[in-house]
Amino acid sequence: MALLDKIKDKTAKIGVIGLGYVGLPLAVEKAKAGYHVLGFDVQQEKVEKVNKGVNYIGDVVNSELEKLVEDGYLSATADYDKIKECDCVMICVPTPLNKYKQPDLSFVVDSTKEVAKRLHPEMLIVLESTTYPGTTEEVILPLLQEYGFKVGKDFYLAFSPERVDPGN
């Protein structure tokens, strides 16, 4: 089935990398919309809390998180091999400023490499992390192309501008 059809009929599996102030609320909203969402995080404590339906973010309603986990719409893992199961992957990792006040893209780069190792035809990759204009085209795209994939043919790539001000 084509990706667009999976998105329309809500059979597309969504992966959200980074379960912090942007990623967890995004994962919850996608699950509330009827998609099965798998969250990824390197912090095992966050993974365990999500899988128990325990909230640790102010922007998420405890009862909603608990119900989505109970109903099987949302789960979390630290096993990046499970990216293979996802049709759409949202990268929501931190981009802290370095000493020159420039975003440190190391978490974005590392996450992109994890996705690239497991990329499959028609996968949609969306960069959600806060960063400067051009990051998707200048940093993410070349990393994915290093693995021999062609954008628009083998996979789709997008940037989603910030929609939230975490904690506000």
# chains A, B, ... in the order shown; residues from 1 in each chain; ligands from 1

$ residues_around --residues "Val61 (chain A)" --least-positions-apart "6" --cutoff "12 Å" --atoms "only C-alpha atoms" --output "list in words"
Leu24, Pro25, Val28, Glu29, Lys32, Gly53, Val54, Asn55, Lys67 and Leu68 of chain A

$ closest_residue --among "A:Gly18, A:Gly152, A:Pro121, A:Pro96" --to "Asp41 (chain A)" --atoms "only C-alpha atoms"
A:Gly18

$ residues_around --residues "Ile125 (chain A)" --least-positions-apart "3" --cutoff "9 Å" --atoms "only C-alpha atoms" --output "JSON, numbers by chain"
{"A": [87, 88, 89, 90, 91, 112, 115, 155, 156, 157, 158, 159]}

$ write_last_selection --atoms "C-alpha atoms" --output "compact mmCIF listing (two decimals), in the first residue's frame"
# COMPACT_ATOMS: atom_id res chain seq x y z
CA ASP A 87 6.32 4.47 7.80
CA CYS A 88 6.88 8.03 9.04
CA VAL A 89 9.67 9.12 11.37
CA MET A 90 9.69 12.48 13.16
CA ILE A 91 13.04 13.64 14.54
CA THR A 112 19.41 10.72 11.02
CA VAL A 115 17.10 6.25 10.44
CA PHE A 155 11.96 8.27 0.58
CA TYR A 156 10.32 11.59 1.41
CA LEU A 157 11.87 14.35 3.49
CA ALA A 158 10.26 17.36 5.16
CA PHE A 159 10.81 20.00 7.81

$ residues_around --residues "Phe40 (chain A)" --least-positions-apart "3" --cutoff "10 Å" --atoms "only C-alpha atoms" --output "list in words"
Gly15, Val16, Ile17, Gly18, Leu19, Gly23, Leu24, Val37, Gln43, Gln44, Lys46, Val47, Ser75, Ala76, Thr77, Ala78, Asp79, Tyr80, Lys82, Ile83, Val89, Met90, Ile91, Cys92 and Ser111 of chain A

$ write_last_selection --atoms "N, CA and C atoms" --output "PDB file, in the first residue's frame"
ATOM      1  N   GLY A  15       6.839   6.933  13.900  1.00  0.00           N
ATOM      2  CA  GLY A  15       7.943   6.880  14.849  1.00  0.00           C
ATOM      3  C   GLY A  15       8.321   8.294  15.255  1.00  0.00           C
ATOM      4  N   VAL A  16       8.534   8.514  16.528  1.00  0.00           N
ATOM      5  CA  VAL A  16       8.949   9.827  17.027  1.00  0.00           C
ATOM      6  C   VAL A  16      10.251   9.626  17.795  1.00  0.00           C
ATOM      7  N   ILE A  17      11.327  10.199  17.271  1.00  0.00           N
ATOM      8  CA  ILE A  17      12.629  10.078  17.920  1.00  0.00           C
ATOM      9  C   ILE A  17      12.833  11.278  18.832  1.00  0.00           C
ATOM     10  N   GLY A  18      12.987  11.000  20.111  1.00  0.00           N
ATOM     11  CA  GLY A  18      13.139  12.055  21.113  1.00  0.00           C
ATOM     12  C   GLY A  18      11.814  12.275  21.818  1.00  0.00           C
ATOM     13  N   LEU A  19      11.718  11.859  23.061  1.00  0.00           N
ATOM     14  CA  LEU A  19      10.461  11.957  23.805  1.00  0.00           C
ATOM     15  C   LEU A  19      10.541  13.038  24.873  1.00  0.00           C
ATOM     16  N   GLY A  23       8.767  16.050  21.411  1.00  0.00           N
ATOM     17  CA  GLY A  23       8.455  14.711  20.924  1.00  0.00           C
ATOM     18  C   GLY A  23       7.301  14.018  21.617  1.00  0.00           C
ATOM     19  N   LEU A  24       7.255  14.058  22.945  1.00  0.00           N
ATOM     20  CA  LEU A  24       6.169  13.357  23.640  1.00  0.00           C
ATOM     21  C   LEU A  24       4.804  13.968  23.324  1.00  0.00           C
ATOM     22  N   VAL A  37       1.740   4.807  17.313  1.00  0.00           N
ATOM     23  CA  VAL A  37       2.965   5.592  17.450  1.00  0.00           C
ATOM     24  C   VAL A  37       3.970   4.833  18.308  1.00  0.00           C
ATOM     25  N   GLN A  43      17.096   7.592  26.604  1.00  0.00           N
ATOM     26  CA  GLN A  43      16.949   7.578  28.061  1.00  0.00           C
ATOM     27  C   GLN A  43      15.922   6.513  28.454  1.00  0.00           C
ATOM     28  N   GLN A  44      16.424   5.419  28.997  1.00  0.00           N
ATOM     29  CA  GLN A  44      15.570   4.287  29.355  1.00  0.00           C
ATOM     30  C   GLN A  44      14.466   4.689  30.331  1.00  0.00           C
ATOM     31  N   LYS A  46      12.722   7.449  30.417  1.00  0.00           N
ATOM     32  CA  LYS A  46      11.593   8.001  29.654  1.00  0.00           C
ATOM     33  C   LYS A  46      10.813   6.884  28.972  1.00  0.00           C
ATOM     34  N   VAL A  47      11.531   5.943  28.388  1.00  0.00           N
ATOM     35  CA  VAL A  47      10.886   4.811  27.716  1.00  0.00           C
ATOM     36  C   VAL A  47       9.993   4.055  28.700  1.00  0.00           C
ATOM     37  N   SER A  75       3.528   3.498  22.354  1.00  0.00           N
ATOM     38  CA  SER A  75       4.522   2.760  23.136  1.00  0.00           C
ATOM     39  C   SER A  75       5.882   3.387  22.863  1.00  0.00           C
ATOM     40  N   ALA A  76       6.872   2.974  23.633  1.00  0.00           N
ATOM     41  CA  ALA A  76       8.205   3.555  23.493  1.00  0.00           C
ATOM     42  C   ALA A  76       9.265   2.472  23.575  1.00  0.00           C
ATOM     43  N   THR A  77      10.428   2.787  23.010  1.00  0.00           N
ATOM     44  CA  THR A  77      11.542   1.852  23.003  1.00  0.00           C
ATOM     45  C   THR A  77      12.860   2.610  22.890  1.00  0.00           C
ATOM     46  N   ALA A  78      13.932   1.943  23.267  1.00  0.00           N
ATOM     47  CA  ALA A  78      15.284   2.458  23.040  1.00  0.00           C
ATOM     48  C   ALA A  78      15.947   1.662  21.916  1.00  0.00           C
ATOM     49  N   ASP A  79      15.205   0.740  21.309  1.00  0.00           N
ATOM     50  CA  ASP A  79      15.712  -0.138  20.254  1.00  0.00           C
ATOM     51  C   ASP A  79      15.475   0.500  18.884  1.00  0.00           C
ATOM     52  N   TYR A  80      16.522   1.117  18.355  1.00  0.00           N
ATOM     53  CA  TYR A  80      16.386   1.829  17.091  1.00  0.00           C
ATOM     54  C   TYR A  80      16.177   0.903  15.899  1.00  0.00           C
ATOM     55  N   LYS A  82      13.759  -0.903  15.581  1.00  0.00           N
ATOM     56  CA  LYS A  82      12.309  -0.865  15.355  1.00  0.00           C
ATOM     57  C   LYS A  82      11.898   0.275  14.418  1.00  0.00           C
ATOM     58  N   ILE A  83      12.844   1.140  14.054  1.00  0.00           N
ATOM     59  CA  ILE A  83      12.555   2.177  13.054  1.00  0.00           C
ATOM     60  C   ILE A  83      12.075   1.521  11.768  1.00  0.00           C
ATOM     61  N   VAL A  89       8.799   8.920  10.215  1.00  0.00           N
ATOM     62  CA  VAL A  89       9.668   9.124  11.372  1.00  0.00           C
ATOM     63  C   VAL A  89       9.860  10.619  11.588  1.00  0.00           C
ATOM     64  N   MET A  90       9.510  11.081  12.778  1.00  0.00           N
ATOM     65  CA  MET A  90       9.686  12.478  13.156  1.00  0.00           C
ATOM     66  C   MET A  90      10.900  12.579  14.078  1.00  0.00           C
ATOM     67  N   ILE A  91      11.845  13.438  13.724  1.00  0.00           N
ATOM     68  CA  ILE A  91      13.042  13.635  14.538  1.00  0.00           C
ATOM     69  C   ILE A  91      12.828  14.867  15.409  1.00  0.00           C
ATOM     70  N   CYS A  92      12.760  14.655  16.711  1.00  0.00           N
ATOM     71  CA  CYS A  92      12.447  15.717  17.683  1.00  0.00           C
ATOM     72  C   CYS A  92      13.498  15.749  18.790  1.00  0.00           C
ATOM     73  N   SER A 111      20.649  10.841  15.033  1.00  0.00           N
ATOM     74  CA  SER A 111      19.308  10.279  14.792  1.00  0.00           C
ATOM     75  C   SER A 111      19.095   9.997  13.314  1.00  0.00           C
TER      76      SER A 111
END

$ select_by_dssp --residues "chain A" --states "alpha helix (DSSP H)" --output "JSON, numbers by chain"
{"A": [3, 4, 5, 6, 7, 8, 23, 24, 25, 26, 27, 28, 29, 30, 31, 32, 44, 45, 46, 47, 48, 49, 50, 51, 62, 63, 64, 65, 66, 67, 68, 69, 70, 106, 107, 108, 109, 110, 111, 112, 113, 114, 115, 116, 135, 141, 142, 143, 144, 145]}

$ closest_residue --among "A:Thr95, A:Leu3, A:Ala12, A:Glu122" --to "Phe149 (chain A)" --atoms "only C-alpha atoms"
A:Glu122
